[in-house]
Structure formats: C-alpha cells, structure tokens
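Visitor: Dropping in final.txt, with compact mmCIF, C-alpha atoms.
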# COMPACT_ATOMS: atom_id res chain seq x y z
CA MET H 293 86.93 105.86 91.93
CA LYS H 294 83.77 104.21 93.20
CA LEU H 295 83.09 104.09 96.93
CA GLN H 296 81.19 101.28 98.60
CA ARG H 297 77.44 101.02 99.28
CA ASN H 298 75.98 104.31 98.06
CA GLY H 299 78.38 104.83 95.17
CA ARG H 300 79.62 108.02 96.68
CA SER H 301 82.94 109.25 95.45
CA LYS H 302 86.19 109.48 97.30
CA ALA H 303 85.16 113.04 98.16
CA LEU H 304 83.96 111.58 101.46
CA ALA H 305 87.58 111.12 102.42
CA ILE H 306 88.20 114.79 101.75
CA GLY H 307 85.03 115.67 103.64
CA ALA H 308 86.54 114.29 106.80
CA MET H 309 88.72 117.39 106.85
CA ALA H 310 85.71 119.46 107.87
CA LEU H 311 85.11 117.20 110.83
CA VAL H 312 88.59 117.16 112.24
CA GLY H 313 89.54 120.75 111.48
CA SER H 314 92.41 122.14 109.54
CA LEU H 315 95.73 120.38 109.94
CA SER H 316 98.94 121.99 111.04
CA LEU H 317 101.63 122.90 108.54
CA ALA H 318 105.02 121.47 109.40
CA ALA H 319 108.22 122.88 107.95
CA CYS H 320 110.75 120.21 107.06
CA GLY H 321 114.11 121.49 108.16
CA SER H 322 115.06 125.03 109.01
CA ASP H 323 116.71 126.38 105.86
CA GLU H 324 114.09 128.05 103.62
CA ASN H 325 116.57 128.00 100.75
CA ASN H 326 116.14 124.24 100.64
CA THR H 327 112.40 124.40 99.97
CA ASN H 328 111.63 123.04 96.51
CA ALA H 329 108.27 123.18 94.76
CA ALA H 330 107.08 120.01 93.11
CA PRO H 331 106.54 120.25 89.37
CA ALA H 332 103.03 120.48 88.00
CA GLY H 333 101.31 117.15 87.71
CA SER H 334 102.87 115.50 90.76
CA SER H 335 100.54 113.15 92.63
CA GLY H 336 98.36 114.69 95.33
CA ALA H 337 97.15 118.24 94.78
CA ALA H 338 98.03 119.20 98.34
CA ALA H 339 100.19 122.33 98.08
CA PRO H 340 103.47 120.67 97.04
CA ALA H 341 105.24 124.03 97.34
CA ALA H 342 104.86 123.69 101.13
CA ILE H 343 107.34 120.80 101.22
CA ASN H 344 110.60 121.87 102.83
CA CYS H 345 113.27 119.30 102.04
CA GLY H 346 115.86 119.93 104.71
CA SER H 347 119.49 120.77 104.14
CA LYS H 348 120.69 117.70 102.23
CA PRO H 349 118.02 115.35 100.83
CA THR H 350 119.14 111.72 100.72
CA ALA H 351 117.75 108.18 100.56
CA LEU H 352 115.49 106.69 103.24
CA VAL H 353 114.74 102.99 103.61
CA ALA H 354 111.63 101.85 105.48
CA ALA H 355 109.28 98.87 105.70
CA GLY H 356 106.25 97.54 107.53
CA SER H 357 102.50 98.11 107.41
CA THR H 358 100.82 97.36 104.11
CA ALA H 359 97.76 99.24 105.37
CA GLN H 360 99.56 102.52 104.68
CA GLY H 361 101.05 101.36 101.38
CA ASN H 362 98.81 103.53 99.19
CA ALA H 363 99.43 106.52 101.46
CA ILE H 364 103.20 106.08 101.32
CA ASP H 365 103.03 105.93 97.52
CA VAL H 366 101.33 109.33 97.43
CA LEU H 367 103.62 110.88 100.02
CA LYS H 368 106.87 109.57 98.54
CA ASN H 369 105.92 110.70 95.03
CA ASN H 370 105.20 114.24 96.22
CA PHE H 371 108.28 114.35 98.46
CA GLU H 372 110.66 113.01 95.82
CA ALA H 373 109.24 115.37 93.19
CA ALA H 374 109.83 118.35 95.47
CA CYS H 375 113.17 117.29 96.94
CA LYS H 376 115.92 116.59 94.45
CA GLY H 377 118.15 113.81 95.70
CA ALA H 378 115.59 112.40 98.15
CA THR H 379 114.18 108.89 97.78
CA VAL H 380 111.90 106.89 100.05
CA ASN H 381 112.13 103.14 99.54
CA TYR H 382 109.26 101.52 101.44
CA GLY H 383 109.29 97.74 101.45
CA GLY H 384 105.95 96.88 103.06
CA GLY H 385 106.03 93.31 104.38
CA GLY H 386 103.59 93.82 107.26
CA SER H 387 103.84 95.53 110.64
CA GLY H 388 105.66 92.64 112.32
CA ALA H 389 108.35 92.55 109.66
CA GLY H 390 108.77 96.32 109.82
CA VAL H 391 109.31 96.37 113.58
CA GLN H 392 111.75 93.47 113.29
CA GLN H 393 113.82 95.21 110.62
CA PHE H 394 113.79 98.47 112.58
CA ASN H 395 115.10 96.75 115.69
CA GLN H 396 117.81 95.11 113.59
CA GLY H 397 118.99 98.55 112.44
CA LYS H 398 118.20 97.84 108.78
CA ILE H 399 115.79 100.73 108.14
CA GLN H 400 115.36 104.35 109.17
CA PHE H 401 111.71 103.99 110.18
CA ALA H 402 109.05 101.30 110.35
CA GLY H 403 105.33 101.46 109.72
CA SER H 404 103.22 99.54 112.24
CA ASP H 405 99.45 99.41 112.73
CA SER H 406 99.99 98.64 116.39
CA ALA H 407 102.18 100.42 118.91
CA LEU H 408 105.47 98.96 120.04
CA LYS H 409 105.16 96.45 122.86
CA PRO H 410 107.43 96.85 125.94
CA ALA H 411 109.79 94.09 124.75
CA GLU H 412 110.06 95.76 121.34
CA VAL H 413 110.84 99.12 122.94
CA GLU H 414 113.55 97.46 125.01
CA ALA H 415 115.03 95.82 121.90
CA SER H 416 115.04 99.16 120.06
CA LYS H 417 117.53 100.61 122.54
CA ALA H 418 120.26 98.53 120.91
CA VAL H 419 119.91 100.53 117.68
CA CYS H 420 118.70 103.86 119.11
CA THR H 421 121.88 104.88 120.91
CA GLY H 422 120.93 106.81 124.01
CA GLY H 423 117.25 106.59 123.15
CA GLN H 424 114.48 104.22 122.10
CA GLY H 425 111.88 103.58 119.43
CA ILE H 426 108.77 105.76 119.67
CA ASN H 427 105.30 105.65 118.08
CA LEU H 428 104.30 108.57 115.85
CA PRO H 429 100.68 108.30 114.61
CA LEU H 430 100.76 109.62 111.05
CA VAL H 431 98.43 107.62 108.79
CA ALA H 432 94.88 106.98 109.95
CA GLY H 433 92.33 104.76 108.30
CA LEU H 434 89.50 102.37 108.80
CA ILE H 435 89.18 98.64 108.32
CA SER H 436 86.45 97.81 105.83
CA ILE H 437 84.71 94.45 105.99
CA VAL H 438 84.86 93.91 102.23
CA TYR H 439 82.65 91.36 100.51
CA ASN H 440 81.68 90.06 97.08
CA VAL H 441 78.14 88.64 97.00
CA ASP H 442 76.00 89.05 93.89
CA GLY H 443 72.77 90.93 94.57
CA VAL H 444 73.81 92.11 98.04
CA ASP H 445 74.74 95.78 97.99
CA ASN H 446 73.94 97.02 101.50
CA LEU H 447 75.18 94.33 103.84
CA VAL H 448 74.93 95.00 107.57
CA LEU H 449 76.94 93.00 110.12
CA ASP H 450 77.70 93.29 113.81
CA ALA H 451 80.78 92.31 115.81
CA PRO H 452 79.63 88.85 117.01
CA THR H 453 78.53 87.90 113.49
CA ILE H 454 81.77 89.10 111.88
CA ALA H 455 83.81 87.20 114.47
CA LYS H 456 81.84 84.01 113.88
CA ILE H 457 82.24 84.32 110.11
CA PHE H 458 86.02 84.62 110.40
CA ASP H 459 86.14 81.69 112.83
CA SER H 460 84.02 79.41 110.60
CA GLN H 461 81.18 79.35 113.12
CA ILE H 462 78.94 80.89 110.46
CA ILE H 463 79.54 79.29 107.08
CA LYS H 464 76.52 80.19 104.91
CA TRP H 465 75.52 83.59 103.60
CA ASN H 466 71.85 82.94 104.45
CA ASP H 467 72.65 82.03 108.05
CA PRO H 468 69.89 83.27 110.41
CA ALA H 469 72.30 85.64 112.17
CA ILE H 470 73.13 87.42 108.90
CA ALA H 471 69.51 87.34 107.74
CA ALA H 472 68.32 88.97 110.98
CA LEU H 473 70.64 91.92 110.36
CA ASN H 474 69.55 92.23 106.72
CA PRO H 475 65.75 91.92 106.50
CA GLY H 476 64.58 91.78 102.91
CA ALA H 477 68.04 91.09 101.47
CA LYS H 478 68.35 88.22 98.99
CA LEU H 479 71.11 86.30 100.73
CA PRO H 480 72.28 83.27 98.72
CA ASP H 481 72.40 79.72 100.04
CA ALA H 482 76.13 79.72 99.38
CA ASP H 483 79.23 78.91 101.37
CA ILE H 484 81.14 81.89 102.76
CA GLN H 485 84.75 82.11 101.61
CA ALA H 486 86.62 84.11 104.24
CA PHE H 487 90.11 85.44 103.59
CA HIS H 488 92.57 86.52 106.28
CA ARG H 489 96.13 87.88 106.36
CA THR H 490 98.97 85.35 106.40
CA ASP H 491 101.65 87.87 107.36
CA ASP H 492 101.99 89.29 110.87
CA SER H 493 99.65 92.22 110.50
CA GLY H 494 98.72 95.24 112.58
CA THR H 495 95.44 95.27 110.67
CA THR H 496 94.74 91.78 112.00
CA GLU H 497 95.66 92.94 115.49
CA ASN H 498 93.27 95.91 115.29
CA LEU H 499 90.48 93.67 113.98
CA THR H 500 90.99 91.18 116.79
CA LYS H 501 91.16 93.98 119.39
CA TYR H 502 87.76 95.02 118.07
CA PHE H 503 86.52 91.45 118.46
CA ALA H 504 87.88 91.29 122.01
CA LYS H 505 85.95 94.43 122.99
CA THR H 506 82.70 93.85 121.11
CA SER H 507 82.05 90.24 120.08
CA GLY H 508 80.67 89.08 123.43
CA GLY H 509 83.06 86.15 123.54
CA ALA H 510 82.40 84.95 119.99
CA TRP H 511 86.13 85.42 119.26
CA ALA H 512 87.93 83.09 121.65
CA TYR H 513 91.51 84.13 120.86
CA PRO H 514 93.71 86.95 122.16
CA ALA H 515 94.27 90.00 119.99
CA SER H 516 97.36 89.36 117.87
CA LYS H 517 99.16 90.25 114.67
CA ALA H 518 99.12 86.54 113.77
CA TRP H 519 95.84 85.05 112.54
CA ALA H 520 94.28 82.53 114.94
CA GLY H 521 90.78 81.89 113.58
CA LYS H 522 89.68 78.54 112.23
CA GLY H 523 89.24 77.83 108.55
CA GLY H 524 89.28 80.37 105.76
CA GLN H 525 92.10 81.02 103.33
CA GLY H 526 95.09 83.30 103.66
CA ALA H 527 96.64 85.98 101.48
CA ASN H 528 99.60 88.28 101.93
CA GLY H 529 99.11 91.95 102.69
CA SER H 530 96.12 94.24 102.36
CA ALA H 531 96.47 94.20 98.59
CA GLY H 532 96.46 90.40 98.63
CA VAL H 533 93.22 89.93 100.56
CA ALA H 534 91.49 92.69 98.60
CA ALA H 535 92.49 91.05 95.32
CA GLN H 536 91.10 87.71 96.49
CA VAL H 537 87.74 89.20 97.42
CA LYS H 538 87.54 90.95 94.06
CA GLN H 539 88.15 87.66 92.24
CA VAL H 540 86.18 85.17 94.38
CA LYS H 541 82.39 85.15 94.55
CA ASN H 542 80.71 84.87 97.97
CA SER H 543 83.90 86.00 99.71
CA ILE H 544 84.64 88.32 102.61
CA SER H 545 87.75 89.81 104.19
CA TYR H 546 89.08 92.89 105.97
CA ALA H 547 91.16 95.66 104.41
CA GLU H 548 91.64 99.38 104.67
CA LEU H 549 89.19 101.73 102.94
CA SER H 550 91.85 102.73 100.42
CA PHE H 551 92.11 99.13 99.19
CA ALA H 552 88.32 98.79 99.11
CA GLN H 553 88.16 101.88 96.90
CA THR H 554 90.93 100.95 94.50
CA ASN H 555 89.41 97.48 94.00
CA ASN H 556 85.80 98.75 93.76
CA LEU H 557 84.78 96.50 96.64
CA LYS H 558 81.62 96.81 98.69
CA SER H 559 81.98 97.32 102.44
CA ALA H 560 79.55 96.24 105.13
CA ALA H 561 77.97 98.75 107.48
CA ILE H 562 78.37 97.85 111.14
CA ASN H 563 75.56 97.63 113.65
CA THR H 564 77.21 99.09 116.74
CA GLY H 565 74.09 99.55 118.83
CA ALA H 566 73.60 103.10 117.55
CA ALA H 567 70.24 104.07 116.07
CA LYS H 568 71.34 102.96 112.61
CA PRO H 569 74.23 100.94 111.16
CA VAL H 570 77.42 102.94 110.59
CA GLU H 571 78.88 102.97 107.11
CA ALA H 572 82.58 102.54 106.40
CA THR H 573 83.41 106.11 105.40
CA ALA H 574 86.30 108.39 106.22
CA ALA H 575 83.90 110.91 107.73
CA ASN H 576 82.52 108.33 110.17
CA ALA H 577 86.01 107.15 111.08
CA ALA H 578 87.05 110.76 111.73
CA ASN H 579 84.36 110.96 114.42
CA THR H 580 86.07 108.08 116.24
CA PHE H 581 89.60 109.47 115.86
CA ALA H 582 88.51 112.84 117.24
CA LYS H 583 88.08 111.16 120.64
CA ALA H 584 91.25 109.04 120.65
CA GLN H 585 93.41 109.38 123.76
CA ILE H 586 97.22 109.45 123.97
CA ALA H 587 98.51 106.54 126.02
CA GLY H 588 102.26 106.65 125.31
CA THR H 589 104.79 105.88 128.03
CA ASN H 590 106.64 109.21 127.73
CA SER H 591 106.22 112.66 126.16
CA SER H 592 107.75 111.52 122.86
CA ASP H 593 105.66 108.36 122.56
CA LEU H 594 102.27 109.17 121.03
CA ALA H 595 100.61 105.74 121.06
CA LEU H 596 96.80 106.08 121.03
CA THR H 597 93.90 104.38 122.75
CA LEU H 598 91.01 103.85 120.32
CA ASP H 599 87.40 103.18 121.32
CA TYR H 600 86.50 100.06 119.33
CA ALA H 601 83.28 99.71 121.33
CA THR H 602 81.86 103.14 120.50
CA LYS H 603 78.09 103.29 120.10
CA GLU H 604 77.93 106.96 119.17
CA GLU H 605 75.91 107.90 116.12
CA GLY H 606 78.05 108.12 113.01
CA SER H 607 81.21 106.76 114.65
CA TYR H 608 82.73 103.87 112.73
CA PRO H 609 84.37 101.55 115.27
CA LEU H 610 86.81 99.53 113.18
CA VAL H 611 89.62 102.06 112.86
CA LEU H 612 93.38 101.85 112.87
CA VAL H 613 96.31 104.21 112.98
CA THR H 614 99.66 103.44 111.43
CA TYR H 615 102.59 104.58 113.52
CA GLU H 616 105.87 105.58 111.93
CA ILE H 617 108.40 104.17 114.39
CA ALA H 618 111.68 106.05 114.71
CA CYS H 619 114.36 106.58 117.33
CA ASP H 620 113.79 109.56 119.61
CA LYS H 621 117.59 109.71 119.93
CA GLY H 622 120.33 107.85 118.12
CA ASN H 623 119.10 108.19 114.54
CA LYS H 624 121.78 107.92 111.87
CA ALA H 625 123.31 111.34 111.28
CA ASP H 626 123.42 111.04 107.48
CA THR H 627 119.68 110.37 107.15
CA LEU H 628 118.25 112.24 110.15
CA ASP H 629 117.56 115.48 108.29
CA THR H 630 115.67 113.75 105.49
CA LEU H 631 113.84 111.51 107.96
CA LYS H 632 112.54 114.54 109.85
CA ALA H 633 111.65 116.24 106.58
CA PHE H 634 109.61 113.32 105.27
CA LEU H 635 107.81 112.70 108.57
CA ALA H 636 107.03 116.40 108.93
CA TYR H 637 105.60 116.52 105.41
CA THR H 638 103.44 113.51 106.28
CA ALA H 639 102.13 115.31 109.38
CA SER H 640 101.55 118.61 107.55
CA ASP H 641 98.21 119.83 106.25
CA ALA H 642 99.48 119.21 102.72
CA GLY H 643 100.50 115.61 103.44
CA GLN H 644 97.34 114.75 105.35
CA LYS H 645 95.16 116.28 102.63
CA ALA H 646 96.99 114.28 99.96
CA ILE H 647 96.43 110.94 101.70
CA GLY H 648 92.86 111.93 102.59
CA GLU H 649 92.19 112.06 98.86
CA ALA H 650 93.53 108.51 98.60
CA GLY H 651 91.01 107.05 101.04
CA TYR H 652 92.66 107.68 104.41
CA VAL H 653 91.43 109.77 107.35
CA PRO H 654 93.13 113.11 108.07
CA LEU H 655 94.22 113.29 111.69
CA PRO H 656 92.88 116.06 113.96
CA LYS H 657 95.00 119.18 114.44
CA SER H 658 95.23 118.58 118.18
CA LEU H 659 97.17 115.40 117.43
CA THR H 660 99.30 116.59 114.50
CA ASP H 661 100.49 119.53 116.62
CA LYS H 662 101.90 117.04 119.14
CA VAL H 663 103.39 114.87 116.39
CA ASN H 664 105.15 117.85 114.82
CA THR H 665 106.67 118.83 118.15
CA VAL H 666 108.14 115.36 118.60
CA ILE H 667 109.43 115.18 115.02
CA GLY H 668 111.27 118.46 115.55
CA SER H 669 113.03 116.97 118.60
CA LEU H 670 114.32 113.80 116.94
CA ALA H 671 118.09 113.50 117.26
Since I need it in another form, could you write the structure as structure tokens?

Guide:
Amino acid sequence: MKLQRNGRSKALAIGAMALVGSLSLAACGSDENNTNAAPAGSSGAAAPAAINCGSKPTALVAAGSTAQGNAIDVLKNNFEAACKGATVNYGGGGSGAGVQQFNQGKIQFAGSDSALKPAEVEASKAVCTGGQGINLPLVAGLISIVYNVDGVDNLVLDAPTIAKIFDSQIIKWNDPAIAALNPGAKLPDADIQAFHRTDDSGTTENLTKYFAKTSGGAWAYPASKAWAGKGGQGANGSAGVAAQVKQVKNSISYAELSFAQTNNLKSAAINTGAAKPVEATAANAANTFAKAQIAGTNSSDLALTLDYATKEEGSYPLVLVTYEIACDKGNKADTLDTLKAFLAYTASDAGQKAIGEAGYVPLPKSLTDKVNTVIGSLA
C-alpha cells in the first residue's frame, strides 16, 4: 500500500508504536474458558489469541463515524473470527447520525469524531437508565489534506491557505499564496475543485476546530459537524470524498490517513510554524496525541483536548480521535458482556496494533489504561 509524498509504506503507522509505548492488554470478560483463538489467516496479525470473548458472545449493532470505518472492519473481522456467535454490525452514516441513533436506543454504541455535547449527554439519560452516555477514545487518526494535481508531489499548505481554499477564497492552484509555500513547484493555472462532506461529520468538526484555532480568521464560521464553507462540491462519508479526489483532476479534500492510503492519494504537508513542514504520517500524529489532555466531565468520561495549534517539530496538528459512545450504566443486559468484550479488544495492545497497521495511530498506554478501567466498570 503506497503512502503519500515519499512513497513510504504503511510501516510508518506501525512505527508510531515506538513513540507512544507499548499498549495495555485488556481481557474481555472474566472467564478464561471463553477465550477463543482466531483461525490462521484472520485479518490483522495482532495476537488474535489474546481476544477474550466474554461469557456469551452475541450480536452488536453500532453506527456513526466513517473515519473509523476501516478500523472497525479490521477489529470486527478479528473479533468475529475469535468469538463464535459474536457479530458487530457497524452502519457508518457519520458521527451525527451515530449519536442520534444511540440516543434513540437503536444501537449499542456509537462512533463519533467529536465528544458528546451537553445536550446530547442529557438526551442519553433517557436510554441509559440510571446513567448517561460517555466518551471512550478508542480509534485515533489524522486528517490528511488529500489532493490530485499532476506534477505536484510534495505540496505544502498552511492553515489560512487551506481554509481559504475550502471557502472558495482561493480558486486557482497557482494562486500566489500556494506558490509562496511551494517555491519551485510547477503549479498549474487550473481551477481548484474542493470536495467536502455532505453528512454531519466529526471529521468536518475537527477540521473546522483546526481552522478556528489556526487560520487567523480566514475561516469565518463556527466549528461544526455541518459544512458551512462557500462553493465546492459535496460527497458522503470519508470514502466518498476520497473517491472523488482520486477520480477528479486538480481536486482537494480532507480524509483520514487510512483512506488516503487505500486510495493511493497524496497528502499535503502542513506548515505549522515549526522549522519545516510536518508530513501527514502516523508517527507525527502520535507526537500530538502523546500530549492530549483529558477534559471529560466525570471519571468515566474520557473526552480529550487536542492541540490543533501545536508548533512543535514533528507534531502533525490535524488529528482526530473517534470516541465509542456507550452508557456508563443502563446498557442492555443481553449485549453488555459482548459490548465490553469488543471495546476491550479495541483498547488492547492487539487491537491497537491491528488498526495501526491499517493507517491509524495507536493510542498511548497512559490513555488506554484509563479506557480499560472504564470499560470494566460499564453496567
């Protein structure tokens, strides 16, 4: 699988492990007799024998973030292969749709690239009897600024320029602002075709949070899951915008590194004010995640504060974390055991290694330790 810019392989994603340290191993359930080894050849070479399936594997239904779609595919394949009777049906649909379905009691957990807002927490109490929805950071990644411009292989952009491109303030690839960041590059005199998400998207919200912190006012809209910029064309989901960029010349969009890799898309490096532009690699994103702070409202809520404005060398600023949203109390009794088993596998060293190989960023041990403690307390 080809990685952007330098043609380095997806081994960079694995290399992030060295930066964040070894991850904690979480046992899923308490009965060792219910541990099942996955058969040879299951996806993800991350110690499938470590998956403990709980006492009575059953079906889980979930939906939400498309950013974690490729990660969920890897995790569910390994989990289902190891745990006879377990299935994980993940519907995607975007972070907004996932939170909505969770608060309607239709799914066991939701994936969201932004933490629950106070009104959403309040609404969750109707389905989490005696409890509320909480944010469990489990899938980390970075947002690549993906582009398709013939002859341009090492594009550099900064936050004000990216914001202006996505708001149709910059409409030509040879615009002076882009040229100044890319001396010597053969930028075409061609219109920029920008693609954005049409669904309510946590990826969009993280991108616009980045704009709010770093664009110097070039982005005039509040951070939101709903797209607000002028012009451009829309597509559904991370897979949708990535597919459009792959097909359309002189195009640009934003998608997670995993989707950049699977579509062989080039990603821009970002001029953050550090000594040199920072490339969109898992290793560079891991440097940013290592300094994330917990900002949740209680001990079970592990929402994070991310530093989008970092100027540290080798710290990629455009990062996101997907939260698996579950009830701290009031989960359905017939699916609780399997829910805890799947979430604990995701947080384990085996699960994080498996998704690291798929273009995501393994979370630091200091964080997965906290996540595992909360998963064990779900009721």

Visitor: Quick one: of H:Gly508, H:Ala547, H:Ala451, H:Asn344, who's nearest to Thr358 (chain H), counting only C-alpha atoms?

Guide: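 When distances to Thr358 (chain H) are compared using only C-alpha atoms, the smallest one comes from H:Ala547.
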
Visitor: Calculated over only C-alpha atoms, which of the candidates H:Leu479, H:Leu594, H:Ala471, H:Ile463 has the smallest distance to Pro429 (chain H)?

Guide: H:Leu594

Visitor: Please provide the set of residues having any atom within 7 Å of region 609-612 of chain H, restricted to only C-alpha atoms, with same-chain residues fewer than 5 positions apart removed, written as a list in words.

Guide: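 Counting only C-alpha atoms, the residues come to Asp405, Ala432, Gly433, Leu434, Ile435, Asn498, Leu499, Tyr502, Ala577, Thr580, Asp599, Tyr600, Ala601 and Thr602 of chain H.
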
Visitor: Record the distance separating CA of Glu497 (chain H) and CA of Ala510 (chain H), expressed in Å with one decimal.

Guide: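 Here the two named atoms are 16.1 Å from each other.
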
Visitor: Would you be able to write out as a list in words which residues have an atom within 12 Å of (120.0, 112.4, 98.1) in the file's coordinates, counting all atoms listed in the file?

Guide: Cys345, Gly346, Ser347, Lys348, Pro349, Thr350, Ala351, Leu352, Phe371, Glu372, Cys375, Lys376, Gly377, Ala378, Thr379, Val380, Asp626, Thr627, Asp629, Thr630 and Leu631 of chain H

Visitor: When you count only C-alpha atoms, which of these residues is closest to Ala552 (chain H): H:Ser460, H:Gln396, H:Asn440, H:Thr660?

Guide: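 When distances to Ala552 (chain H) are compared using only C-alpha atoms, the smallest one comes from H:Asn440.
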
Visitor: Distance CA of Ser607 (chain H)-CA of Asn579 (chain H), one decimal place?

Guide: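 Between these atoms lies a distance of 5.3 Å.
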
Visitor: Hey, which of H:Ser387, H:Thr573, H:Asn427, H:Ser545 ends up closest to Ala407 (chain H)? Count only C-alpha atoms.

Guide: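 For Ala407 (chain H), the nearest of the given residues is H:Asn427.
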
Visitor: Between CA of Ser530 (chain H) and CA of Ala359 (chain H), what is the spacing in Å?

Guide: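 That distance, rounded to one decimal, is 6.1 Å.
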
Visitor: Between H:Lys464, H:Lys398, H:Lys417, H:Arg489, single out the one closest to Asn528 (chain H), counting only C-alpha atoms.

Guide: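 Checking each candidate against Asn528 (chain H), we get H:Arg489 as the closest.
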
Visitor: May I ask which of the residues H:Lys624, H:Lys368, H:Lys505, H:Lys558 is the closest one to Val441 (chain H), counting only C-alpha atoms?

Guide: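 Nearest to Val441 (chain H): H:Lys558.
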
Visitor: When you look at Ile562 (chain H) with a cut-off of 9 Å (counting all atoms listed in the file), what residues show up, excluding the ones that are within fewer than 3 positions of it in the same chain? I need them as a list in words.

Guide: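 My list of contacting residues is Ile437, Leu447, Val448, Leu449, Asp450, Ala451, Gly565, Lys568, Pro569, Val570, Glu571, Ala572, Tyr608, Pro609 and Leu610 of chain H.
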
Visitor: Step by step, gather every atom of region 445-451 of chain H that the file lists, find the box along x, y and z that holds them, add 6 Å on each side, and finally give centre and edge lengths in Å to one decimal, as JSON.

Guide:
{"center_x": 77.4, "center_y": 94.7, "center_z": 106.9, "size_x": 18.8, "size_y": 16.7, "size_z": 29.8}

Visitor: What's the 12 Å shell around Ile462 (chain H), counting all atoms listed in the file, without same-chain residues fewer than 2 positions away, as a list in words?

Guide: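 Result of the neighbour search: Pro452, Thr453, Ile454, Ala455, Lys456, Ile457, Phe458, Asp459, Ser460, Lys464, Trp465, Asn466, Asp467, Pro468, Ala469, Ile470, Ala471, Ala482, Asp483, Ile484, Gln485, Ala486, Ala510, Lys522, Gly523 and Gly524 of chain H.
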
Visitor: Could you add N, CA and C atoms to region 403-425 of chain H and give me the result as a short mmCIF file (atom, residue, chain, number, x, y, z; two decimals), in the frame of the given file?

Guide:
data_model
loop_
_atom_site.label_atom_id
_atom_site.label_comp_id
_atom_site.auth_asym_id
_atom_site.auth_seq_id
_atom_site.Cartn_x
_atom_site.Cartn_y
_atom_site.Cartn_z
N GLY H 403 106.75 101.19 109.62
CA GLY H 403 105.33 101.46 109.72
C GLY H 403 104.67 100.30 110.45
N SER H 404 103.90 100.60 111.49
CA SER H 404 103.22 99.54 112.24
C SER H 404 101.82 99.99 112.62
N ASP H 405 100.85 99.11 112.39
CA ASP H 405 99.45 99.41 112.73
C ASP H 405 99.14 99.12 114.19
N SER H 406 100.15 98.76 114.95
CA SER H 406 99.99 98.64 116.39
C SER H 406 101.24 99.21 117.05
N ALA H 407 101.06 99.78 118.22
CA ALA H 407 102.18 100.42 118.91
C ALA H 407 103.18 99.38 119.38
N LEU H 408 104.42 99.84 119.55
CA LEU H 408 105.47 98.96 120.04
C LEU H 408 105.09 98.37 121.40
N LYS H 409 105.34 97.10 121.57
CA LYS H 409 105.16 96.45 122.86
C LYS H 409 106.41 96.70 123.73
N PRO H 410 106.28 96.57 125.06
CA PRO H 410 107.43 96.85 125.94
C PRO H 410 108.70 96.12 125.54
N ALA H 411 108.59 94.84 125.15
CA ALA H 411 109.79 94.09 124.75
C ALA H 411 110.40 94.66 123.48
N GLU H 412 109.55 95.17 122.58
CA GLU H 412 110.06 95.76 121.34
C GLU H 412 110.73 97.10 121.61
N VAL H 413 110.19 97.87 122.55
CA VAL H 413 110.84 99.12 122.94
C VAL H 413 112.21 98.83 123.53
N GLU H 414 112.28 97.83 124.39
CA GLU H 414 113.55 97.46 125.01
C GLU H 414 114.56 97.04 123.94
N ALA H 415 114.12 96.25 122.97
CA ALA H 415 115.03 95.82 121.90
C ALA H 415 115.51 96.99 121.05
N SER H 416 114.67 98.02 120.90
CA SER H 416 115.04 99.16 120.06
C SER H 416 116.21 99.94 120.64
N LYS H 417 116.45 99.84 121.92
CA LYS H 417 117.53 100.61 122.54
C LYS H 417 118.91 100.20 122.03
N ALA H 418 118.99 98.99 121.47
CA ALA H 418 120.26 98.53 120.91
C ALA H 418 120.63 99.29 119.64
N VAL H 419 119.63 99.80 118.92
CA VAL H 419 119.91 100.53 117.68
C VAL H 419 119.69 102.04 117.84
N CYS H 420 118.93 102.44 118.84
CA CYS H 420 118.70 103.86 119.11
C CYS H 420 119.64 104.28 120.25
N THR H 421 120.86 104.60 119.90
CA THR H 421 121.88 104.88 120.91
C THR H 421 121.47 106.05 121.79
N GLY H 422 121.34 105.78 123.07
CA GLY H 422 120.93 106.81 124.01
C GLY H 422 119.45 107.11 124.00
N GLY H 423 118.68 106.35 123.24
CA GLY H 423 117.25 106.59 123.15
C GLY H 423 116.48 105.30 122.98
N GLN H 424 115.32 105.38 122.32
CA GLN H 424 114.48 104.22 122.10
C GLN H 424 113.53 104.48 120.94
N GLY H 425 112.90 103.43 120.46
CA GLY H 425 111.88 103.58 119.43
C GLY H 425 110.62 104.20 120.01
#
